[in-house]
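A.B. asks: So here's entry-v5.csv, just CSV, C-alpha atoms (C1' of nucleotides):
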```csv
chain,number,residue,atom,x,y,z
A,1,MET,CA,-41.9,23.0,-13.2
A,2,LYS,CA,-42.4,26.6,-11.9
A,3,SER,CA,-45.8,28.2,-11.4
A,4,VAL,CA,-47.5,30.4,-13.9
A,5,GLU,CA,-46.5,33.5,-12.0
A,6,GLU,CA,-42.9,32.5,-11.8
A,7,LEU,CA,-42.8,31.7,-15.5
A,8,THR,CA,-44.4,35.1,-16.3
A,9,ALA,CA,-41.7,36.8,-14.2
A,10,ARG,CA,-39.0,34.9,-15.9
A,11,PHE,CA,-40.3,35.7,-19.4
A,12,ARG,CA,-40.5,39.4,-18.5
A,13,ALA,CA,-37.0,39.3,-17.0
A,14,HIS,CA,-35.7,38.0,-20.2
A,15,GLY,CA,-37.4,40.6,-22.3
A,16,LEU,CA,-40.1,38.2,-23.6
A,17,ARG,CA,-43.6,39.4,-23.7
A,18,VAL,CA,-46.2,37.6,-21.7
A,19,THR,CA,-49.4,37.1,-23.7
A,20,PRO,CA,-52.6,35.3,-22.8
A,21,GLN,CA,-51.7,32.6,-25.3
A,22,ARG,CA,-48.4,32.0,-23.6
A,23,GLN,CA,-50.0,32.0,-20.2
A,24,ALA,CA,-52.4,29.4,-21.4
A,25,VAL,CA,-49.5,27.2,-22.3
A,26,PHE,CA,-47.9,27.9,-18.9
A,27,ARG,CA,-51.1,26.9,-17.2
A,28,LEU,CA,-51.3,23.7,-19.2
A,29,LEU,CA,-47.7,22.7,-18.4
A,30,ALA,CA,-47.6,23.8,-14.8
A,31,GLY,CA,-50.0,21.2,-13.6
A,32,ASN,CA,-48.8,18.5,-15.8
A,33,ASP,CA,-46.5,15.6,-15.0
A,34,THR,CA,-47.0,13.9,-18.3
A,35,HIS,CA,-44.9,14.5,-21.4
A,36,PRO,CA,-47.4,16.0,-23.8
A,37,THR,CA,-46.7,16.4,-27.5
A,38,VAL,CA,-46.9,19.9,-28.9
A,39,GLU,CA,-50.1,18.8,-30.6
A,40,ALA,CA,-51.6,17.8,-27.3
A,41,ILE,CA,-50.6,21.1,-25.7
A,42,HIS,CA,-52.2,22.9,-28.7
A,43,ALA,CA,-55.4,20.9,-28.3
A,44,GLY,CA,-55.5,21.7,-24.6
A,45,VAL,CA,-54.9,25.4,-25.1
A,46,ARG,CA,-57.5,25.6,-27.8
A,47,ALA,CA,-60.1,24.2,-25.4
A,48,GLU,CA,-60.1,27.5,-23.6
A,49,MET,CA,-58.8,29.7,-26.4
A,50,PRO,CA,-59.8,28.4,-29.8
A,51,THR,CA,-57.9,30.8,-31.9
A,52,VAL,CA,-54.4,29.9,-30.8
A,53,SER,CA,-52.3,28.6,-33.6
A,54,LEU,CA,-49.9,25.7,-33.5
A,55,ARG,CA,-47.1,28.0,-34.5
A,56,THR,CA,-47.5,30.0,-31.3
A,57,VAL,CA,-47.4,26.9,-29.2
A,58,TYR,CA,-44.2,25.7,-30.8
A,59,GLN,CA,-42.7,29.1,-30.2
A,60,THR,CA,-43.7,29.3,-26.6
A,61,VAL,CA,-42.4,25.8,-26.0
A,62,HIS,CA,-39.1,26.7,-27.6
A,63,ASP,CA,-38.9,29.8,-25.5
A,64,LEU,CA,-39.5,27.8,-22.4
A,65,ALA,CA,-36.8,25.4,-23.5
A,66,ARG,CA,-34.4,28.2,-24.1
A,67,LEU,CA,-34.9,29.5,-20.5
A,68,GLY,CA,-34.4,25.9,-19.2
A,69,GLU,CA,-38.0,25.6,-17.9
A,70,VAL,CA,-38.8,22.5,-19.9
A,71,HIS,CA,-36.9,19.9,-21.8
A,72,VAL,CA,-37.8,19.2,-25.4
A,73,LEU,CA,-37.4,15.5,-26.1
A,74,ASP,CA,-37.2,13.7,-29.3
A,75,VAL,CA,-36.8,9.9,-28.8
A,76,GLY,CA,-37.7,8.8,-32.3
A,77,THR,CA,-41.4,8.5,-32.0
A,78,GLY,CA,-42.0,11.1,-34.7
A,79,GLN,CA,-43.2,13.8,-32.4
A,80,VAL,CA,-41.4,16.0,-30.0
A,81,ARG,CA,-42.5,15.8,-26.4
A,82,VAL,CA,-42.3,18.4,-23.7
A,83,ASP,CA,-40.9,17.4,-20.3
A,84,PRO,CA,-41.9,20.0,-17.7
A,85,ASN,CA,-39.8,18.2,-15.0
A,86,VAL,CA,-36.4,19.8,-15.2
A,87,GLU,CA,-35.7,19.9,-11.4
A,88,GLU,CA,-34.9,16.3,-10.6
A,89,ALA,CA,-32.6,14.2,-12.7
A,90,HIS,CA,-34.6,11.4,-14.3
A,91,HIS,CA,-34.9,9.3,-17.4
A,92,HIS,CA,-37.7,7.9,-19.5
A,93,LEU,CA,-39.8,5.0,-20.3
A,94,VAL,CA,-41.0,5.1,-23.9
A,95,CYS,CA,-43.7,2.9,-25.2
A,96,THR,CA,-42.7,1.7,-28.7
A,97,ARG,CA,-46.3,1.4,-29.7
A,98,CYS,CA,-48.0,4.6,-28.8
A,99,GLY,CA,-45.0,6.8,-28.0
A,100,ARG,CA,-46.2,7.6,-24.5
A,101,MET,CA,-43.4,8.7,-22.1
A,102,ASP,CA,-43.1,8.4,-18.4
A,103,ASP,CA,-40.4,9.3,-15.9
A,104,VAL,CA,-38.4,6.6,-14.3
A,105,ALA,CA,-35.7,6.7,-11.7
A,106,VAL,CA,-32.6,4.9,-13.0
A,107,GLU,CA,-29.2,6.1,-12.4
A,108,ALA,CA,-27.3,6.8,-15.6
A,109,PRO,CA,-23.9,5.4,-16.0
A,110,ALA,CA,-21.0,7.9,-15.8
A,111,PRO,CA,-20.2,9.5,-19.2
A,112,PRO,CA,-17.2,7.5,-20.5
A,113,ALA,CA,-13.9,9.0,-21.1
A,114,THR,CA,-13.9,9.3,-24.9
A,115,PRO,CA,-11.1,11.0,-26.7
A,116,GLY,CA,-12.4,13.2,-29.5
A,117,PHE,CA,-15.8,13.6,-27.9
A,118,ARG,CA,-16.9,16.0,-25.2
A,119,ALA,CA,-19.7,14.3,-23.4
A,120,GLU,CA,-22.3,16.6,-22.0
A,121,ARG,CA,-25.3,14.6,-21.0
A,122,VAL,CA,-26.2,10.9,-20.6
A,123,GLU,CA,-29.7,9.9,-21.5
A,124,VAL,CA,-31.3,6.6,-20.6
A,125,ILE,CA,-34.3,5.5,-22.6
A,126,VAL,CA,-36.1,2.3,-21.5
A,127,ARG,CA,-38.2,1.1,-24.4
A,128,GLY,CA,-41.0,-1.3,-24.0
A,129,THR,CA,-44.8,-1.5,-23.9
A,130,CYS,CA,-47.1,0.4,-21.7
A,131,ALA,CA,-50.0,-1.3,-19.9
A,132,ALA,CA,-52.6,0.3,-22.1
A,133,CYS,CA,-51.0,-0.9,-25.3
A,134,GLU,CA,-50.3,-4.3,-23.8
A,135,ALA,CA,-53.9,-4.7,-23.1
A,136,ALA,CA,-55.0,-3.3,-26.5
A,137,ALA,CA,-52.7,-5.7,-28.2
A,138,GLY,CA,-54.2,-8.7,-26.5
A,139,GLY,CA,-51.7,-9.3,-23.8
A,140,PRO,CA,-48.1,-10.5,-23.8
A,141,HIS,CA,-48.9,-13.9,-25.1
A,142,ARG,CA,-50.1,-12.7,-28.5
A,143,ALA,CA,-49.4,-15.2,-31.3
A,144,PRO,CA,-46.3,-14.2,-33.2
A,145,GLY,CA,-46.1,-14.1,-37.0
A,146,GLY,CA,-48.4,-11.1,-37.6
A,147,ALA,CA,-47.5,-7.5,-37.9
A,148,THR,CA,-45.3,-7.6,-34.9
A,149,VAL,CA,-42.5,-9.4,-36.7
A,150,ARG,CA,-43.0,-7.8,-40.0
A,151,ARG,CA,-42.1,-4.3,-39.0
A,152,THR,CA,-39.4,-2.7,-37.0
A,153,GLU,CA,-40.3,-1.1,-33.7
A,154,HIS,CA,-39.5,2.2,-35.2
A,155,GLU,CA,-42.0,1.9,-37.9
A,156,THR,CA,-44.6,0.5,-35.6
A,157,ALA,CA,-44.3,3.4,-33.2
A,158,HIS,CA,-44.5,5.9,-36.0
A,159,GLU,CA,-47.5,4.5,-37.6
A,160,THR,CA,-49.6,3.7,-34.6
A,161,ALA,CA,-48.8,6.7,-32.5
A,162,HIS,CA,-51.2,9.0,-34.3
A,163,GLU,CA,-54.4,7.0,-33.8
A,164,THR,CA,-53.9,4.9,-30.7
A,165,GLN,CA,-52.0,7.2,-28.5
A,166,GLU,CA,-54.7,9.4,-26.9
A,167,ALA,CA,-57.3,6.7,-27.2
A,168,THR,CA,-55.4,3.9,-25.4
A,169,CYS,CA,-52.6,5.5,-23.4
A,170,ARG,CA,-53.9,8.3,-21.3
A,171,SER,CA,-53.4,7.7,-17.7
B,25,MET,CA,-22.4,-7.1,-39.7
B,26,LYS,CA,-22.5,-10.2,-41.9
B,27,SER,CA,-20.7,-10.4,-45.2
B,28,VAL,CA,-22.3,-9.6,-48.5
B,29,GLU,CA,-22.5,-13.3,-49.3
B,30,GLU,CA,-24.2,-14.1,-46.0
B,31,LEU,CA,-26.7,-11.4,-46.5
B,32,THR,CA,-27.4,-12.5,-50.0
B,33,ALA,CA,-28.1,-16.0,-48.7
B,34,ARG,CA,-30.3,-14.7,-45.9
B,35,PHE,CA,-32.4,-12.6,-48.3
B,36,ARG,CA,-32.9,-15.6,-50.6
B,37,ALA,CA,-33.9,-17.8,-47.6
B,38,HIS,CA,-36.6,-15.3,-46.7
B,39,GLY,CA,-38.0,-15.1,-50.2
B,40,LEU,CA,-36.5,-11.7,-50.9
B,41,ARG,CA,-34.8,-11.2,-54.3
B,42,VAL,CA,-31.2,-10.1,-54.4
B,43,THR,CA,-30.7,-7.4,-56.9
B,44,PRO,CA,-27.6,-5.4,-57.8
B,45,GLN,CA,-29.1,-2.4,-56.0
B,46,ARG,CA,-29.5,-4.3,-52.8
B,47,GLN,CA,-26.0,-5.8,-53.1
B,48,ALA,CA,-24.6,-2.3,-53.5
B,49,VAL,CA,-26.2,-1.4,-50.2
B,50,PHE,CA,-24.9,-4.6,-48.6
B,51,ARG,CA,-21.4,-3.8,-49.8
B,52,LEU,CA,-21.6,-0.3,-48.4
B,53,LEU,CA,-22.7,-1.4,-45.0
B,54,ALA,CA,-20.5,-4.5,-44.7
B,55,GLY,CA,-17.3,-2.6,-44.5
B,56,ASN,CA,-18.6,0.2,-42.4
B,57,ASP,CA,-18.4,0.9,-38.7
B,58,THR,CA,-20.0,4.3,-38.9
B,59,HIS,CA,-23.7,5.0,-38.6
B,60,PRO,CA,-24.6,6.4,-42.0
B,61,THR,CA,-27.9,8.1,-42.7
B,62,VAL,CA,-30.1,6.7,-45.4
B,63,GLU,CA,-29.1,9.7,-47.4
B,64,ALA,CA,-25.4,8.9,-47.0
B,65,ILE,CA,-26.0,5.3,-48.1
B,66,HIS,CA,-27.8,6.5,-51.1
B,67,ALA,CA,-25.0,8.8,-52.0
B,68,GLY,CA,-22.5,6.0,-51.6
B,69,VAL,CA,-24.5,3.6,-53.7
B,70,ARG,CA,-25.1,6.2,-56.4
B,71,ALA,CA,-21.3,6.6,-56.8
B,72,GLU,CA,-21.2,3.3,-58.5
B,73,MET,CA,-24.8,3.0,-59.6
B,74,PRO,CA,-26.2,6.3,-60.4
B,75,THR,CA,-29.8,5.3,-61.1
B,76,VAL,CA,-30.6,3.9,-57.7
B,77,SER,CA,-33.4,5.7,-56.1
B,78,LEU,CA,-33.7,6.8,-52.5
B,79,ARG,CA,-36.8,4.8,-52.2
B,80,THR,CA,-34.9,1.6,-52.9
B,81,VAL,CA,-32.3,2.3,-50.2
B,82,TYR,CA,-35.0,2.9,-47.7
B,83,GLN,CA,-36.7,-0.4,-48.6
B,84,THR,CA,-33.4,-2.3,-48.5
B,85,VAL,CA,-32.5,-0.8,-45.1
B,86,HIS,CA,-36.0,-1.8,-43.8
B,87,ASP,CA,-35.6,-5.3,-45.1
B,88,LEU,CA,-32.2,-5.6,-43.4
B,89,ALA,CA,-33.7,-4.3,-40.2
B,90,ARG,CA,-36.6,-6.8,-40.4
B,91,LEU,CA,-34.1,-9.6,-40.7
B,92,GLY,CA,-32.2,-8.2,-37.7
B,93,GLU,CA,-29.0,-7.5,-39.7
B,94,VAL,CA,-29.0,-3.8,-38.8
B,95,HIS,CA,-30.5,-1.5,-36.3
B,96,VAL,CA,-32.4,1.6,-37.4
B,97,LEU,CA,-31.8,4.3,-34.9
B,98,ASP,CA,-33.7,7.6,-34.4
B,99,VAL,CA,-32.1,9.7,-31.7
B,100,GLY,CA,-33.9,12.9,-32.5
B,101,THR,CA,-31.4,14.4,-34.9
B,102,GLY,CA,-34.0,14.5,-37.7
B,103,GLN,CA,-32.6,11.7,-39.7
B,104,VAL,CA,-32.7,8.0,-39.1
B,105,ARG,CA,-29.3,6.3,-38.9
B,106,VAL,CA,-28.3,2.7,-39.7
B,107,ASP,CA,-26.2,0.8,-37.2
B,108,PRO,CA,-24.6,-2.2,-38.9
B,109,ASN,CA,-23.3,-3.5,-35.6
B,110,VAL,CA,-25.9,-5.8,-34.1
B,111,GLU,CA,-23.6,-8.4,-32.8
B,112,GLU,CA,-22.1,-6.7,-29.7
B,113,ALA,CA,-24.2,-4.8,-27.2
B,114,HIS,CA,-23.2,-1.2,-27.3
B,115,HIS,CA,-24.5,2.3,-26.9
B,116,HIS,CA,-24.0,5.6,-28.7
B,117,LEU,CA,-22.3,8.9,-28.6
B,118,VAL,CA,-24.4,11.5,-30.4
B,119,CYS,CA,-23.0,14.9,-31.5
B,120,THR,CA,-25.7,17.5,-30.8
B,121,ARG,CA,-24.3,19.7,-33.6
B,122,CYS,CA,-23.9,17.5,-36.6
B,123,GLY,CA,-25.8,14.3,-35.6
B,124,ARG,CA,-22.8,12.1,-36.0
B,125,MET,CA,-23.0,8.9,-34.0
B,126,ASP,CA,-20.3,6.6,-32.6
B,127,ASP,CA,-20.3,3.5,-30.6
B,128,VAL,CA,-19.4,3.5,-27.0
B,129,ALA,CA,-19.0,0.8,-24.4
B,130,VAL,CA,-21.0,1.7,-21.4
B,131,GLU,CA,-23.0,-0.8,-19.4
B,132,ALA,CA,-26.6,0.1,-19.3
B,133,PRO,CA,-28.4,0.1,-16.0
B,134,ALA,CA,-30.8,-2.8,-15.4
B,135,PRO,CA,-34.3,-2.1,-16.6
B,136,PRO,CA,-36.2,-1.0,-13.5
B,137,ALA,CA,-39.1,-2.8,-12.2
B,138,THR,CA,-42.0,-0.7,-13.3
B,139,PRO,CA,-45.6,-1.7,-12.8
B,140,GLY,CA,-47.6,-1.0,-15.8
B,141,PHE,CA,-44.7,-1.1,-18.2
B,142,ARG,CA,-43.0,-4.0,-19.8
B,143,ALA,CA,-39.4,-2.9,-20.4
B,144,GLU,CA,-37.8,-4.5,-23.4
B,145,ARG,CA,-34.6,-2.6,-24.0
B,146,VAL,CA,-32.4,0.0,-22.3
B,147,GLU,CA,-30.7,2.5,-24.6
B,148,VAL,CA,-28.0,4.9,-23.4
B,149,ILE,CA,-27.3,8.0,-25.4
B,150,VAL,CA,-24.4,10.2,-24.5
B,151,ARG,CA,-24.9,13.6,-26.1
B,152,GLY,CA,-22.1,16.0,-26.6
B,153,THR,CA,-19.9,17.5,-29.2
B,154,CYS,CA,-17.6,15.6,-31.5
B,155,ALA,CA,-14.0,16.8,-32.1
B,156,ALA,CA,-14.7,18.1,-35.6
B,157,CYS,CA,-17.6,20.3,-34.4
B,158,GLU,CA,-15.7,21.4,-31.4
B,159,ALA,CA,-13.0,22.6,-33.7
B,160,ALA,CA,-15.4,24.1,-36.2
B,161,ALA,CA,-17.1,26.1,-33.4
B,162,GLY,CA,-13.8,27.5,-32.3
B,163,GLY,CA,-13.1,25.3,-29.4
B,164,PRO,CA,-14.7,24.8,-26.0
B,165,HIS,CA,-13.9,28.3,-24.8
B,166,ARG,CA,-16.1,30.0,-27.3
B,167,ALA,CA,-17.7,33.2,-26.0
B,168,PRO,CA,-21.3,32.7,-25.0
B,169,GLY,CA,-24.1,35.0,-26.0
B,170,GLY,CA,-24.4,34.1,-29.6
B,171,ALA,CA,-26.4,31.5,-31.3
B,172,THR,CA,-25.5,28.9,-28.8
B,173,VAL,CA,-27.7,30.4,-26.1
B,174,ARG,CA,-30.5,31.4,-28.4
B,175,ARG,CA,-31.4,28.0,-29.6
B,176,THR,CA,-32.0,24.6,-28.0
B,177,GLU,CA,-29.6,21.9,-28.8
B,178,HIS,CA,-32.4,20.1,-30.6
B,179,GLU,CA,-32.9,23.0,-33.0
B,180,THR,CA,-29.2,23.4,-33.6
B,181,ALA,CA,-28.7,19.8,-34.4
B,182,HIS,CA,-31.6,19.9,-36.9
B,183,GLU,CA,-30.5,22.9,-38.7
B,184,THR,CA,-26.8,22.4,-39.0
B,185,ALA,CA,-26.8,18.7,-39.7
B,186,HIS,CA,-27.6,19.0,-43.4
B,187,GLU,CA,-24.7,21.2,-44.3
B,188,THR,CA,-22.0,20.6,-41.8
B,189,GLN,CA,-22.2,16.9,-41.2
B,190,GLU,CA,-20.3,15.4,-44.0
B,191,ALA,CA,-18.0,18.4,-44.3
B,192,THR,CA,-16.8,18.5,-40.8
B,193,CYS,CA,-17.5,15.2,-39.1
B,194,ARG,CA,-16.3,12.4,-41.2
B,195,SER,CA,-13.7,10.4,-39.5
C,13,DT,C1',-50.3,58.9,-26.2
C,14,DT,C1',-46.6,57.6,-29.3
C,15,DG,C1',-43.1,54.9,-31.0
C,16,DT,C1',-40.8,50.6,-31.2
C,17,DT,C1',-40.2,46.1,-30.5
C,18,DC,C1',-42.0,41.8,-30.3
C,19,DC,C1',-45.7,38.5,-30.8
C,20,DT,C1',-49.6,36.3,-33.2
C,21,DG,C1',-51.8,33.5,-36.6
C,22,DA,C1',-52.6,32.0,-41.2
C,23,DC,C1',-50.4,29.9,-44.8
C,24,DA,C1',-46.7,28.1,-47.5
C,25,DA,C1',-42.3,25.9,-47.5
C,26,DC,C1',-39.2,22.5,-45.9
C,27,DT,C1',-37.3,17.9,-44.4
C,28,DA,C1',-37.5,13.0,-43.9
C,29,DT,C1',-40.0,9.2,-45.1
C,30,DT,C1',-43.6,6.3,-47.5
C,31,DG,C1',-47.4,5.0,-51.0
C,32,DC,C1',-48.4,4.2,-55.7
C,33,DT,C1',-47.6,2.2,-60.3
C,34,DG,C1',-46.1,0.5,-64.9
C,35,DA,C1',-42.1,-1.6,-66.4
C,36,DT,C1',-38.3,-4.6,-65.2
C,37,DA,C1',-35.7,-8.4,-63.8
C,38,DA,C1',-34.6,-12.3,-60.3
C,39,DA,C1',-35.7,-17.3,-59.1
C,40,DG,C1',-37.6,-21.4,-60.1
C,41,DT,C1',-39.3,-24.9,-63.5
C,42,DG,C1',-39.4,-27.5,-67.5
D,16,DC,C1',-32.1,-22.0,-72.5
D,17,DA,C1',-36.9,-20.3,-72.7
D,18,DC,C1',-40.8,-19.3,-69.9
D,19,DT,C1',-43.6,-18.0,-66.0
D,20,DT,C1',-44.3,-16.0,-61.7
D,21,DT,C1',-43.8,-12.4,-58.7
D,22,DA,C1',-40.9,-9.3,-56.1
D,23,DT,C1',-38.5,-5.2,-57.0
D,24,DC,C1',-37.2,-0.7,-59.3
D,25,DA,C1',-37.4,4.2,-60.2
D,26,DG,C1',-39.7,8.2,-60.2
D,27,DC,C1',-43.2,10.9,-58.7
D,28,DA,C1',-46.7,12.4,-55.5
D,29,DA,C1',-48.2,12.4,-50.9
D,30,DT,C1',-47.7,12.6,-45.8
D,31,DA,C1',-46.6,14.3,-41.1
D,32,DG,C1',-44.1,17.3,-38.2
D,33,DT,C1',-41.9,21.5,-37.9
D,34,DT,C1',-40.4,26.1,-39.2
D,35,DG,C1',-40.1,30.5,-42.2
D,36,DT,C1',-42.7,34.5,-43.8
D,37,DC,C1',-45.2,38.5,-43.2
D,38,DA,C1',-49.1,41.7,-42.3
D,39,DG,C1',-51.4,43.2,-38.5
D,40,DG,C1',-51.7,44.0,-33.7
D,41,DA,C1',-50.5,44.0,-28.8
D,42,DA,C1',-47.2,45.1,-25.0
D,43,DC,C1',-43.9,48.0,-22.9
D,44,DA,C1',-40.9,52.4,-22.4
D,45,DA,C1',-40.9,57.2,-22.6
```
Give the structure from the file, written as structure tokens.
C.D. replies:
Amino acid sequence: MKSVEELTARFRAHGLRVTPQRQAVFRLLAGNDTHPTVEAIHAGVRAEMPTVSLRTVYQTVHDLARLGEVHVLDVGTGQVRVDPNVEEAHHHLVCTRCGRMDDVAVEAPAPPATPGFRAERVEVIVRGTCAACEAAAGGPHRAPGGATVRRTEHETAHETAHETQEATCRS
Amino acid sequence: MKSVEELTARFRAHGLRVTPQRQAVFRLLAGNDTHPTVEAIHAGVRAEMPTVSLRTVYQTVHDLARLGEVHVLDVGTGQVRVDPNVEEAHHHLVCTRCGRMDDVAVEAPAPPATPGFRAERVEVIVRGTCAACEAAAGGPHRAPGGATVRRTEHETAHETAHETQEATCRS
DNA sequence: TTGTTCCTGACAACTATTGCTGATAAAGTG
DNA sequence: CACTTTATCAGCAATAGTTGTCAGGAACAA
């Protein structure tokens, strides 16, 4: 991700105004190799600027995405996440319990030749359980038969993300 | 996907009741190699049984997913899609404009060895444009500068999916 | 400074999905 | 078949995440 100054310049160059609120978002993303949710960015920005609205953060994130400075990712965890790393090709680990994302270096297969479909991008998502959730759940040898087999992964991720994510899965 | 009779038996074996509503859902999915949204299933079921509620379809789909008879996929198009094909390993083409999904045979890379993350499943998503949307948008040589550069793919898919999907992208 | 354009922030609206509940109907039993 | 038990249905309300709306205000050009 580019520096705050570079982003400021790019915004100006594209006719977008640079406001203190936007710079606060820039600052938060510039020194960030995680994949924060919009909510998390909002919380971070409010720490130094308590009046910023969620709407503004969404808009700024979308502007950054439009300029290609970030990627907006939706991998089915119920919340959009922002990936500041657009320079190097990479893919993602997604924790099915808390929704946490991390970068991973796997080479994607070549887009297949599919008549009737113009492939543009290949995305690899490795789903699994992050260390924090593994520990929180009592380790890999947890007795089956409980909630784990009664819900789909999708449901579980959705439901637990809200409460457990920040508490258990921050690195 | 199993036949309606097999699904009926499996539901009974698991203590789930088999109702006409559920069998209508079974019937719709059994002869279906597309990846319908819950909404689309609901519409199909209502064609022969107009009182069935969306709630019931959701519940039946979740029951099917719990028994492993379908996969519930959320690839960030704003709607969950049901994949009746659980027998053969496969991945998906996703149209970024209408959200339409199709199966594709690409071999996934091996899950990387990642300390602090227990990989369970590797998912490959090929994003692009389906033939119908390509045609609807005026072909691949459409002049840039319009809506296409003013919005992220994510936004576009979200917004256009509701109206254009069934109209332009049914095979 | 002045005008214009764009942005902000509060709130409401919107979409997809799920919780709740009285009434209903499927399985099992006699 | 009649009866009992208990999961399910349908409809509505609620929820979370995201976006539209709009009055007021800030940033930039002249």
A.B. asks: Point out the residue among B:Asp87, B:Gly102, B:Gly152, B:Leu52 with the least atom-to-atom distance to DT33 in chain D, counting all atoms listed in the file.
C.D. replies: B:Gly102
A.B. asks: Excluding same-chain residues fewer than 3 positions from DC37 in chain D, what lies within 12 Å of it counting all atoms listed in the file, as an NGL selection string?
C.D. replies: :C and (20-24)
A.B. asks: Can I get the residues of chain A within 9 Å of chain D, each with the closest pair of atoms and their distance in Å to one decimal, using only C-alpha atoms (C1' of nucleotides), sorted chain first then ascending number, as a Markdown table?
C.D. replies:
```
| residue | atom | partner | partner_atom | distance |
| --- | --- | --- | --- | --- |
| A:Arg17 | CA | D:DA42 | C1' | 6.9 |
| A:Val18 | CA | D:DA42 | C1' | 8.3 |
| A:Thr19 | CA | D:DA42 | C1' | 8.4 |
| A:Arg55 | CA | D:DT34 | C1' | 8.4 |
| A:Tyr58 | CA | D:DT33 | C1' | 8.6 |
| A:Gly78 | CA | D:DG32 | C1' | 7.4 |
| A:Gln79 | CA | D:DG32 | C1' | 6.8 |
| A:Val80 | CA | D:DG32 | C1' | 8.7 |
```
A.B. asks: Can I get the selected residues back with C-alpha atoms, as a PDB file, in the coordinates of the input?
C.D. replies:
```pdb
ATOM      1  CA  ARG A  17     -43.600  39.400 -23.700  1.00  0.00           C
ATOM      2  CA  VAL A  18     -46.200  37.600 -21.700  1.00  0.00           C
ATOM      3  CA  THR A  19     -49.400  37.100 -23.700  1.00  0.00           C
ATOM      4  CA  ARG A  55     -47.100  28.000 -34.500  1.00  0.00           C
ATOM      5  CA  TYR A  58     -44.200  25.700 -30.800  1.00  0.00           C
ATOM      6  CA  GLY A  78     -42.000  11.100 -34.700  1.00  0.00           C
ATOM      7  CA  GLN A  79     -43.200  13.800 -32.400  1.00  0.00           C
ATOM      8  CA  VAL A  80     -41.400  16.000 -30.000  1.00  0.00           C
TER       9      VAL A  80
END
```
A.B. asks: Would you mind reading off the distance between C1' of DC26 in chain C and CA of Val45 in chain A, one decimal, in Å?
C.D. replies: 26.2 Å
A.B. asks: For CA of Ala89 in chain A and CA of Met1 in chain A, determine how far apart the two atoms are, in Å to one decimal place.
C.D. replies: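 Distance between the two atoms: 12.8 Å.
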A.B. asks: Mind dumping a table of every chain A residue within 9 Å of chain C, with the nearest atom pair and its distance in Å to one decimal, using only C-alpha atoms (C1' of nucleotides), sorted by chain and rising number, as JSON lines?
C.D. replies:
```
{"residue": "A:Leu16", "atom": "CA", "partner": "C:DC18", "partner_atom": "C1'", "distance": 7.8}
{"residue": "A:Arg17", "atom": "CA", "partner": "C:DC18", "partner_atom": "C1'", "distance": 7.2}
{"residue": "A:Thr19", "atom": "CA", "partner": "C:DC19", "partner_atom": "C1'", "distance": 8.1}
{"residue": "A:Gln21", "atom": "CA", "partner": "C:DT20", "partner_atom": "C1'", "distance": 9.0}
{"residue": "A:Thr51", "atom": "CA", "partner": "C:DG21", "partner_atom": "C1'", "distance": 8.2}
{"residue": "A:Val52", "atom": "CA", "partner": "C:DG21", "partner_atom": "C1'", "distance": 7.3}
{"residue": "A:Ser53", "atom": "CA", "partner": "C:DG21", "partner_atom": "C1'", "distance": 5.8}
{"residue": "A:Leu54", "atom": "CA", "partner": "C:DG21", "partner_atom": "C1'", "distance": 8.6}
{"residue": "A:Arg55", "atom": "CA", "partner": "C:DG21", "partner_atom": "C1'", "distance": 7.5}
{"residue": "A:Thr56", "atom": "CA", "partner": "C:DT20", "partner_atom": "C1'", "distance": 6.9}
```
